[in-house]
Amino acid sequence: MEFSDRVLKCIDCGAEFVFTAGEQLFFYDKQFKNDPKHCKQCKAKRASGSRVRTETRTSCSQCGEETTVPFKPTQGRPVLCRSCFQKQLGQPKPAPDPKSPVIKSPVINAPEINAPEIKAGETETPHTKTPDQEASAIATDPEAIAEPR
Ligand SMILES: [Zn+2]
Ligand SMILES: [Zn+2]
């Protein structure tokens with residue numbers, strides 16, 4: 001198949017640009033049916049403006065309305081349109097009421113519950129520590145500090 005350069009008009013800016021034989025061969029190779037519609041400048045602009053542009057047309061699994069998603073929907077996974085997606089986001093987590101006071105969990109205010117467990121673990125292996133490490137462990141132990149020497 002022979003190709004020769006063709007001059008096309010950019011649909012964006014109206015500038016004429018060359019659709020080279022090499023590009024035509026590339027398009028033929030890739031089985032692209034349509035001629036390029038944008039000049040190189042506009043193509044570059046579009047590419048940099050929206051780097052990830054994989055809008056896929058699909059129908060919402062919730063309301064059935066046709067929508068576009070910015071990713072390739074996986075087979076079997078539900079695809080939601082924007083409004084249904086927003087609705088679902090709002091459902092499990094309703095807007096928090098600023099008037100309702102935050103109920104503090106008593107567990108948060110009782111760190112002593114976990115403290116004896118940590119100490120027990122530390123005293124279990126005192127012989128594996130060097131004197132230096134043991135000394136620093138005692139120094140950071142609040143009970144060891146409180147003890148009269
Ligand atoms: Zn252009
Ligand atoms: Zn929907």
# chains A, B, ... in the order shown; residues from 1 in each chain; ligands from 1

call {"tool": "residues_near_ligand", "arguments": {"ligand": "ligand 2", "cutoff": "12 Å", "atoms": "only C-alpha atoms and all ligand atoms", "output": "list of chain:residue names"}}
result
A:Thr58, A:Ser59, A:Cys60, A:Ser61, A:Gln62, A:Cys63, A:Gly64, A:Glu65, A:Glu66, A:Thr67, A:Thr68, A:Val69, A:Pro78, A:Val79, A:Leu80, A:Cys81, A:Arg82, A:Ser83, A:Cys84, A:Phe85, A:Gln86, A:Lys87, A:Gln88

call {"tool": "residues_near_ligand", "arguments": {"ligand": "ligand 1", "cutoff": "6 Å", "atoms": "only C-alpha atoms and all ligand atoms", "output": "list in words"}}
result
Cys10, Asp12, Cys13, Gly14, Ala15, His38, Cys39, Gln41 and Cys42 of chain A

call {"tool": "write_last_selection", "arguments": {"atoms": "N, CA and C atoms", "output": "mmCIF file, in the first residue's frame"}}
result
data_model
loop_
_atom_site.group_PDB
_atom_site.id
_atom_site.type_symbol
_atom_site.label_atom_id
_atom_site.label_comp_id
_atom_site.auth_asym_id
_atom_site.auth_seq_id
_atom_site.Cartn_x
_atom_site.Cartn_y
_atom_site.Cartn_z
ATOM 1 N N CYS A 10 -7.169 21.104 10.866
ATOM 2 C CA CYS A 10 -7.452 20.850 12.278
ATOM 3 C C CYS A 10 -8.859 21.326 12.620
ATOM 4 N N ASP A 12 -9.915 21.886 15.491
ATOM 5 C CA ASP A 12 -9.868 22.762 16.668
ATOM 6 C C ASP A 12 -9.517 24.194 16.296
ATOM 7 N N CYS A 13 -8.366 24.356 15.645
ATOM 8 C CA CYS A 13 -7.893 25.707 15.351
ATOM 9 C C CYS A 13 -7.990 26.050 13.869
ATOM 10 N N GLY A 14 -8.342 25.071 13.025
ATOM 11 C CA GLY A 14 -8.508 25.339 11.604
ATOM 12 C C GLY A 14 -7.213 25.387 10.825
ATOM 13 N N ALA A 15 -6.107 25.165 11.499
ATOM 14 C CA ALA A 15 -4.817 25.206 10.821
ATOM 15 C C ALA A 15 -4.632 23.946 9.979
ATOM 16 N N HIS A 38 -6.711 16.694 14.513
ATOM 17 C CA HIS A 38 -6.058 17.822 15.172
ATOM 18 C C HIS A 38 -4.618 17.983 14.701
ATOM 19 N N CYS A 39 -4.202 19.230 14.601
ATOM 20 C CA CYS A 39 -2.822 19.503 14.274
ATOM 21 C C CYS A 39 -1.949 19.108 15.463
ATOM 22 N N GLN A 41 0.017 20.799 17.354
ATOM 23 C CA GLN A 41 -0.067 21.700 18.510
ATOM 24 C C GLN A 41 -1.301 21.399 19.360
ATOM 25 N N CYS A 42 -2.434 21.223 18.681
ATOM 26 C CA CYS A 42 -3.669 20.972 19.421
ATOM 27 C C CYS A 42 -3.621 19.597 20.073
#

call {"tool": "select_by_dssp", "arguments": {"residues": "stretch 2-48 of chain A", "states": "alpha helix (DSSP H)", "output": "list in words"}}
result
Ala21, Gly22, Glu23, Gln24, Leu25, Phe26, Phe27, Tyr28, Asp29, Lys30, Lys40, Gln41, Cys42, Lys43, Ala44, Lys45, Arg46, Ala47 and Ser48 of chain A

call {"tool": "closest_residue", "arguments": {"among": "A:Glu2, A:Pro98, A:Arg77, A:Ala44", "to": "A:Tyr28", "atoms": "only C-alpha atoms"}}
result
A:Glu2

call {"tool": "closest_residue", "arguments": {"among": "A:Pro70, A:Gly22, A:Met1, A:Lys33", "to": "A:Arg57", "atoms": "only C-alpha atoms"}}
result
A:Pro70

call {"tool": "atom_distance", "arguments": {"atom1": "atom CA of A:Asp29", "atom2": "atom CA of A:Pro73"}}
result
27.4 Å

call {"tool": "atom_distance", "arguments": {"atom1": "atom CA of A:Glu55", "atom2": "atom CA of A:Thr74"}}
result
13.5 Å

call {"tool": "select_by_dssp", "arguments": {"residues": "stretch 25-70 of chain A", "states": "strand (DSSP E)", "output": "PyMOL selection string"}}
result
chain A and resi 56-59+66-69

call {"tool": "atom_distance", "arguments": {"atom1": "atom CA of A:Arg6", "atom2": "atom CA of A:Ala21"}}
result
7.6 Å
